[in-house]
Structures are given as structure tokens and as C-alpha cells.
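input_8.txt (compact mmCIF, C-alpha atoms)
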```txt
# COMPACT_ATOMS: atom_id res chain seq x y z
CA ASN I 1348 0.00 0.00 0.00
CA VAL I 1349 2.87 2.40 0.80
CA GLU I 1350 4.44 1.81 -2.62
CA ARG I 1351 1.07 2.34 -4.30
CA TRP I 1352 0.53 5.69 -2.63
CA ASN I 1353 4.11 6.71 -3.41
CA LEU I 1354 3.36 6.01 -7.08
CA ILE I 1355 0.16 8.06 -6.91
CA HIS I 1356 1.97 10.98 -5.32
CA PHE I 1357 4.68 10.79 -7.99
CA LEU I 1358 2.10 10.86 -10.79
CA GLN I 1359 0.37 13.81 -9.17
CA SER I 1360 3.70 15.67 -8.91
CA ARG I 1361 4.25 15.17 -12.65
CA TYR I 1362 0.85 16.57 -13.59
CA ASN I 1363 0.84 20.15 -14.84
CA SER I 1364 -1.79 21.91 -12.75
CA GLN I 1365 -0.82 25.51 -13.42
CA ASN I 1366 -3.97 26.21 -15.41
CA ASN I 1367 -6.30 24.39 -13.04
CA LYS I 1368 -8.02 26.53 -10.47
CA PRO I 1369 -8.31 24.62 -7.18
CA LEU I 1370 -11.77 23.36 -6.32
CA SER I 1371 -13.12 23.75 -2.81
CA LEU I 1372 -12.92 20.59 -0.74
CA ILE I 1373 -16.27 18.81 -0.56
CA GLU I 1374 -16.30 15.74 1.62
CA LYS I 1375 -19.44 14.07 0.28
CA ILE I 1376 -21.75 13.90 -2.71
CA ILE I 1377 -25.17 14.62 -1.26
CA SER I 1378 -28.14 12.69 -2.69
CA LYS I 1379 -31.24 14.88 -2.50
CA SER I 1380 -34.46 13.21 -1.34
CA ILE I 1381 -37.44 14.04 -3.56
CA ASN I 1382 -41.04 12.86 -3.94
CA SER I 1383 -41.13 13.10 -7.74
CA PRO I 1384 -40.58 10.21 -10.19
CA ILE I 1385 -37.02 9.81 -11.50
CA SER I 1386 -36.45 9.16 -15.20
CA LEU I 1387 -33.69 9.24 -17.81
CA GLN I 1388 -34.85 12.61 -19.13
CA MET I 1389 -31.69 14.70 -19.00
CA ASN I 1390 -33.39 18.10 -18.70
CA ASP I 1391 -36.00 17.06 -16.17
CA SER I 1392 -36.65 19.95 -13.76
CA ILE I 1393 -36.00 17.67 -10.76
CA TRP I 1394 -32.25 18.07 -11.34
CA LYS I 1395 -32.52 21.71 -10.34
CA GLU I 1396 -33.01 20.42 -6.78
CA ALA I 1397 -29.73 18.49 -6.71
CA LEU I 1398 -26.53 20.12 -5.49
CA PRO I 1399 -23.77 19.78 -8.13
CA THR I 1400 -20.48 18.55 -6.68
CA PRO I 1401 -17.34 19.46 -8.68
CA ILE I 1402 -14.72 16.72 -8.86
CA ARG I 1403 -11.17 17.18 -10.11
CA ILE I 1404 -9.75 14.34 -12.20
CA ILE I 1405 -6.05 13.54 -12.67
CA PRO I 1406 -5.11 11.06 -15.43
CA VAL I 1407 -2.89 8.16 -14.34
CA ARG I 1408 -0.95 8.28 -17.61
CA ALA I 1409 -0.04 10.94 -20.13
CA ARG I 1410 -2.69 11.76 -22.71
CA LYS I 1411 -3.54 14.62 -25.02
CA ASN I 1412 -6.17 17.10 -23.78
CA PRO I 1413 -7.30 15.11 -20.71
CA ILE I 1414 -10.66 15.72 -19.08
CA ASN I 1415 -9.67 17.26 -15.74
CA ARG I 1416 -12.96 17.92 -13.98
CA LEU I 1417 -16.58 16.89 -13.91
CA SER I 1418 -19.74 17.60 -11.92
CA VAL I 1419 -21.86 15.02 -10.09
CA GLN I 1420 -25.44 15.30 -8.82
CA SER I 1421 -27.62 12.72 -7.10
CA LEU I 1422 -31.33 12.32 -6.36
CA HIS I 1423 -33.36 9.60 -4.72
CA ASN I 1424 -37.00 8.86 -3.90
CA GLU I 1425 -38.59 5.90 -2.11
CA SER I 1426 -37.78 3.46 -4.90
CA LYS I 1427 -34.84 4.74 -6.98
CA ILE I 1428 -31.51 6.55 -6.79
CA ALA I 1429 -29.96 8.49 -9.68
CA PHE I 1430 -26.64 10.12 -10.48
CA ARG I 1431 -25.97 12.67 -13.21
CA MET I 1432 -22.40 13.23 -14.36
CA GLN I 1433 -21.47 16.16 -16.62
CA TRP I 1434 -18.17 17.19 -18.19
CA GLU I 1435 -16.84 19.33 -21.01
CA ASP I 1436 -15.78 17.48 -24.16
CA PRO I 1437 -15.42 19.24 -27.53
CA THR I 1438 -16.25 16.13 -29.57
CA PRO I 1439 -18.26 12.96 -28.85
CA ASP I 1440 -16.12 9.87 -29.51
CA SER I 1441 -18.01 6.74 -30.51
CA ILE I 1442 -17.26 3.43 -32.17
CA LEU I 1443 -18.15 5.23 -35.40
CA LYS I 1444 -14.78 6.95 -35.37
CA ASN I 1445 -12.79 3.74 -34.85
CA ARG I 1446 -11.21 4.91 -31.62
CA TYR I 1447 -11.73 4.55 -27.89
CA VAL I 1448 -15.28 5.58 -27.06
CA ASP I 1449 -16.15 8.15 -24.42
CA GLN I 1450 -16.86 6.37 -21.13
CA SER I 1451 -17.56 6.99 -17.47
CA ALA I 1452 -18.13 4.77 -14.46
CA ILE I 1453 -19.10 4.83 -10.79
CA GLN I 1454 -17.52 2.35 -8.39
CA PHE I 1455 -19.13 1.24 -5.12
CA ALA I 1456 -17.46 -0.72 -2.35
CA ILE I 1457 -19.30 -3.97 -1.54
CA GLY I 1458 -19.26 -3.78 2.24
CA GLY I 1459 -19.23 -1.05 4.86
CA TYR I 1460 -15.65 0.11 4.48
CA ASP I 1461 -14.50 3.38 5.96
CA ILE I 1462 -13.08 5.78 3.39
CA LYS I 1463 -9.59 5.31 4.87
CA ASP I 1464 -9.85 1.55 4.34
CA SER I 1465 -11.80 1.62 1.08
CA PRO I 1466 -11.01 -0.71 -1.85
CA PHE I 1467 -8.43 0.35 -4.42
CA TYR I 1468 -10.06 2.85 -6.82
CA GLY I 1469 -8.80 0.92 -9.85
CA MET I 1470 -11.39 -1.89 -9.83
CA GLY I 1471 -11.12 -3.03 -6.22
CA GLU I 1472 -8.96 -5.66 -4.53
CA LYS I 1473 -9.00 -9.42 -3.97
CA GLU I 1474 -10.49 -9.18 -0.49
CA LYS I 1475 -12.44 -5.98 -1.21
CA PRO I 1476 -14.79 -6.48 -4.17
CA VAL I 1477 -16.51 -3.57 -5.87
CA ASN I 1478 -19.63 -3.02 -7.95
CA ILE I 1479 -19.19 -0.80 -11.02
CA TRP I 1480 -21.77 1.03 -13.15
CA HIS I 1481 -20.15 1.50 -16.55
CA TRP I 1482 -21.44 3.79 -19.32
CA LYS I 1483 -19.97 4.03 -22.81
CA ALA I 1484 -20.99 6.09 -25.80
CA ASP I 1485 -21.82 3.41 -28.33
CA ALA I 1486 -25.47 2.50 -27.81
CA ARG I 1487 -28.73 4.47 -27.70
CA GLN I 1488 -26.94 7.75 -27.20
CA GLU I 1489 -28.31 11.05 -28.38
CA ILE I 1490 -25.94 13.49 -30.04
CA ILE I 1491 -27.28 17.01 -30.58
CA GLN I 1492 -24.91 18.97 -32.77
CA ASN I 1493 -24.54 22.71 -32.53
CA ILE I 1494 -24.78 24.70 -35.76
CA GLU I 1495 -21.03 25.07 -36.24
CA LEU I 1496 -20.35 21.35 -35.84
CA GLU I 1497 -23.26 20.48 -38.11
CA GLN I 1498 -21.78 22.62 -40.86
CA LYS I 1499 -18.35 20.99 -40.47
CA SER I 1500 -19.92 17.54 -40.46
CA PHE I 1501 -21.98 18.36 -43.55
CA LYS I 1502 -18.82 19.23 -45.48
CA LYS I 1503 -17.30 15.84 -44.70
CA ALA I 1504 -20.36 13.66 -45.35
CA SER I 1505 -23.58 13.66 -47.28
CA SER I 1506 -25.52 14.46 -44.11
CA PRO I 1507 -24.65 15.58 -40.57
CA ILE I 1508 -24.05 12.92 -37.94
CA THR I 1509 -26.99 13.28 -35.58
CA GLY I 1510 -26.72 10.03 -33.64
CA MET I 1511 -24.65 6.93 -32.99
CA PHE I 1512 -25.07 3.45 -34.38
CA LEU I 1513 -26.33 0.71 -32.11
CA ASN I 1514 -23.74 -1.86 -31.04
CA PRO I 1515 -25.45 -5.22 -31.82
CA PHE I 1516 -23.56 -6.91 -28.99
CA ASN I 1517 -24.63 -4.45 -26.30
CA GLU I 1518 -27.98 -2.72 -26.74
CA SER I 1519 -27.71 -0.89 -23.44
CA PRO I 1520 -25.23 1.97 -22.93
CA VAL I 1521 -24.82 0.95 -19.27
CA GLU I 1522 -23.68 -2.34 -17.80
CA GLU I 1523 -23.23 -3.47 -14.21
CA ILE I 1524 -19.90 -5.13 -13.42
CA ASN I 1525 -18.23 -6.72 -10.39
CA SER I 1526 -14.50 -6.75 -9.79
CA ARG I 1527 -11.83 -7.90 -7.33
CA GLY I 1528 -8.95 -6.02 -8.95
CA ILE I 1529 -7.47 -5.26 -12.36
CA GLY I 1530 -8.05 -8.16 -14.75
CA THR I 1531 -11.03 -9.61 -12.83
CA LEU I 1532 -13.92 -7.61 -14.32
CA THR I 1533 -17.07 -9.75 -14.54
CA VAL I 1534 -20.22 -8.46 -16.22
CA GLN I 1535 -23.34 -9.45 -14.33
CA SER I 1536 -25.82 -11.71 -16.11
CA LEU I 1537 -28.60 -10.09 -18.12
CA LYS I 1538 -31.21 -10.81 -15.45
CA ASP I 1539 -28.96 -9.17 -12.82
CA GLN I 1540 -28.42 -5.95 -14.77
CA GLN I 1541 -30.18 -3.48 -12.47
CA VAL I 1542 -28.78 -0.16 -13.72
CA GLU I 1543 -30.36 2.00 -16.42
CA GLY I 1544 -28.51 4.81 -18.09
CA ARG I 1545 -28.32 7.25 -20.94
CA GLY I 1546 -25.87 9.79 -22.28
CA TYR I 1547 -26.40 13.06 -24.13
CA TRP I 1548 -23.80 15.19 -25.84
CA GLN I 1549 -24.74 18.74 -26.74
CA ASN I 1550 -22.59 21.76 -27.61
CA GLY I 1551 -19.36 20.37 -26.22
CA ARG I 1552 -20.75 18.78 -23.05
CA TRP I 1553 -21.57 15.22 -22.02
CA SER I 1554 -24.37 14.51 -19.55
CA VAL I 1555 -24.81 10.93 -18.34
CA ILE I 1556 -27.53 9.62 -16.01
CA PHE I 1557 -27.40 6.36 -14.02
CA ILE I 1558 -30.56 5.05 -12.28
CA ARG I 1559 -31.02 1.99 -10.07
CA ASP I 1560 -33.65 0.64 -7.70
```

Please rewrite the model in this file as C-alpha cells.
Amino acid sequence: NVERWNLIHFLQSRYNSQNNKPLSLIEKIISKSINSPISLQMNDSIWKEALPTPIRIIPVRARKNPINRLSVQSLHNESKIAFRMQWEDPTPDSILKNRYVDQSAIQFAIGGYDIKDSPFYGMGEKEKPVNIWHWKADARQEIIQNIELEQKSFKKASSPITGMFLNPFNESPVEEINSRGIGTLTVQSLKDQQVEGRGYWQNGRWSVIFIRD
């Protein structure tokens, strides 16, 4: 564990943070209790009730133009809990472009671990399994182009790209996975897939909603 944290601190020291304004320290993401139904509608007015929590992200390896922050909100009623993640991204990357697709995930510890003794953030540990909600931009996603991008897209193709093709091997954009460390990811069976999700990209911004009973 000491060597792992030394590696993390080294990576953080190598990260250029000169242009990143520090975010205020927020200890918890607060899930707002509401009486209204919760759905996958991205612009539902219920999200105005949820406090957005800014989270700073540091890549673990060098990459061009990394995403360095996102915002998380959460709501729950008597039957469901939902999370909405939002981040700036100038272009939506899908399987259409023959590259890594845009993705996001939420990891939950299976068990009542204290934050100081929580499972490793990179997919858990052998004795500390985790449950992961994984979204990726290659199925049932809605892409709403702004005028400028539509014009650029129109010049390159016969018609603007207004959506993404459906991956025939995974009709849902969200899958529920269990893990006991890197290399042990196991997708839950179809009948055990409890998480719903959807992603929207509009004018340089991704919004992704996860919902579960």
C-alpha cells in the first residue's frame, strides 16, 4: 500500500496543474431526497433540486487534452436513486470513429468500508470487491450537434451525424460489473443488470444519467 501511494503521489507531482483553479474541498456527494418520479430525461426539472459537486480528475498516464474535472449530482426517492455526471468534451467519440469511445463509471465498495480503508479505486482488490456502473458512448446515445459542428460535419459527409449506431452486442449503454482487482472484471448476467442509463452530448458537453432501484 505504501508503494502504491508513493506512485500516486509521484504521478500527481508530474501533472501540470498551473492552469487548473483549485476546487473547494467537498467531503461528500449529497443525494437529494425528492417525492417526484425519476427518469432518464436529461433536462427534467428535478435536477434543479440536486446540489452539483465538482470533482477534479487527474489522469494516471499521459494523454492529449485530458478531461480534468466533472460535476456530479444525485437524487433519490422511495424506490430509486440516480446520479448525473457532466463534463466538457469538444467532440463525442463513438465506435463510429474507430477509436476509444467516451466512457464513465461509478464504483461502489461492496461492504461497509470506511473511506480510509476503502477498496483500491482501480477496480477493487481481492479481499475488497466492488460493484461498477459503466457507461460508454456506443449504444442508444443522443448526439445534438450545434450549428457550427453540423456545418463541419456536412462538409465531410452527405448528411450531418446526428446520432450513434447501435452496437449489436450491447444494446444498453450501461452495464453493471463486479471486480476484485485489475483483470477480474465480470459483467453481471442479463437478469442481474439493475442499472439504467443514458448519455447526451450537446454543444461540447456530455451529460450521463445512471438510475437503479

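Minimum distance to I:Ser1386 across I:Tyr1547, I:Phe1430, I:Tyr1460, I:Trp1553 (counting all atoms listed in the file) occurs at I:Phe1430.
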
Please put the answer as lines of an AutoDock Vina configuration file: centre and edge lengths, in Å with one decimal, of a box along x, y and z that encloses all listed atoms of stretch 1538-1547 of chain I plus 4 Å on each side.
```
center_x = -28.5
center_y = 1.1
center_z = -18.3
size_x = 13.3
size_y = 31.9
size_z = 19.7
```

Around (-22.9, 15.6, -13.6) in the file's frame, which residues reach within 9 Å when counting only C-alpha atoms? Return as a PDB file with C-alpha atoms, in the coordinates of the input?
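New file selection_13.pdb:
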```
ATOM      1  CA  PRO I1399     -23.770  19.780  -8.130  1.00  0.00           C
ATOM      2  CA  THR I1400     -20.480  18.550  -6.680  1.00  0.00           C
ATOM      3  CA  PRO I1401     -17.340  19.460  -8.680  1.00  0.00           C
ATOM      4  CA  LEU I1417     -16.580  16.890 -13.910  1.00  0.00           C
ATOM      5  CA  SER I1418     -19.740  17.600 -11.920  1.00  0.00           C
ATOM      6  CA  VAL I1419     -21.860  15.020 -10.090  1.00  0.00           C
ATOM      7  CA  GLN I1420     -25.440  15.300  -8.820  1.00  0.00           C
ATOM      8  CA  SER I1421     -27.620  12.720  -7.100  1.00  0.00           C
ATOM      9  CA  PHE I1430     -26.640  10.120 -10.480  1.00  0.00           C
ATOM     10  CA  ARG I1431     -25.970  12.670 -13.210  1.00  0.00           C
ATOM     11  CA  MET I1432     -22.400  13.230 -14.360  1.00  0.00           C
ATOM     12  CA  GLN I1433     -21.470  16.160 -16.620  1.00  0.00           C
ATOM     13  CA  TRP I1434     -18.170  17.190 -18.190  1.00  0.00           C
ATOM     14  CA  TRP I1553     -21.570  15.220 -22.020  1.00  0.00           C
ATOM     15  CA  SER I1554     -24.370  14.510 -19.550  1.00  0.00           C
ATOM     16  CA  VAL I1555     -24.810  10.930 -18.340  1.00  0.00           C
ATOM     17  CA  ILE I1556     -27.530   9.620 -16.010  1.00  0.00           C
TER      18      ILE I1556
END
```

Problem - Two-atom distance - atom CA of I:Lys1411, atom CA of I:Gln1450 (Å) - result: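 About the pair atom CA of I:Lys1411 and atom CA of I:Gln1450: they are 16.1 Å apart.
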
Practice task
Kindly give the distance, in Å, that separates atom CA of I:Ser1392 and atom CA of I:Ile1428, rounded to a single decimal.
Solution key: 16.0 Å

Handout entry: One-decimal distance in Å that lies between atom CA of I:Met1470 and atom CA of I:Ile1376
Key =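 Answer for the atom CA of I:Ile1376 to atom CA of I:Met1470 separation: 20.2 Å.
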
Completion exercise
Using only C-alpha atoms, the residue out of I:Arg1408, I:Ile1457, I:Lys1395, I:Gln1540 with shortest distance to I:Phe1357 is I:Arg1408

Residues near I:Thr1531, cut-off 10 Å, only C-alpha atoms, skip fewer than 4 positions along chain, as a short mmCIF file (atom, residue, chain, number, x, y, z; two decimals) with C-alpha atoms, in the frame of the given file:
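Printed below is selection33.cif as written:
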```
data_model
loop_
_atom_site.label_atom_id
_atom_site.label_comp_id
_atom_site.auth_asym_id
_atom_site.auth_seq_id
_atom_site.Cartn_x
_atom_site.Cartn_y
_atom_site.Cartn_z
CA MET I 1470 -11.39 -1.89 -9.83
CA GLY I 1471 -11.12 -3.03 -6.22
CA GLU I 1472 -8.96 -5.66 -4.53
CA LYS I 1473 -9.00 -9.42 -3.97
CA PRO I 1476 -14.79 -6.48 -4.17
CA ILE I 1524 -19.90 -5.13 -13.42
CA ASN I 1525 -18.23 -6.72 -10.39
CA SER I 1526 -14.50 -6.75 -9.79
CA ARG I 1527 -11.83 -7.90 -7.33
#
```

Selection: 10 Å around I:Pro1406, all atoms listed in the file, excl. self and same-chain fewer than 2 positions, as a PDB file with C-alpha atoms, keeping the file's coordinate frame:
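What landed in result_14.pdb:
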```pdb
ATOM      1  CA  LEU I1358       2.100  10.860 -10.790  1.00  0.00           C
ATOM      2  CA  GLN I1359       0.370  13.810  -9.170  1.00  0.00           C
ATOM      3  CA  TYR I1362       0.850  16.570 -13.590  1.00  0.00           C
ATOM      4  CA  ILE I1404      -9.750  14.340 -12.200  1.00  0.00           C
ATOM      5  CA  ARG I1408      -0.950   8.280 -17.610  1.00  0.00           C
ATOM      6  CA  ALA I1409      -0.040  10.940 -20.130  1.00  0.00           C
ATOM      7  CA  ARG I1410      -2.690  11.760 -22.710  1.00  0.00           C
ATOM      8  CA  PRO I1413      -7.300  15.110 -20.710  1.00  0.00           C
ATOM      9  CA  ILE I1414     -10.660  15.720 -19.080  1.00  0.00           C
ATOM     10  CA  ASN I1415      -9.670  17.260 -15.740  1.00  0.00           C
TER      11      ASN I1415
END
```

Problem - Given all atoms listed in the file as the counted atoms, nearest of I:Glu1523, I:Ser1465, I:Arg1416, I:Asp1436 to I:Ile1402 - result: I:Arg1416
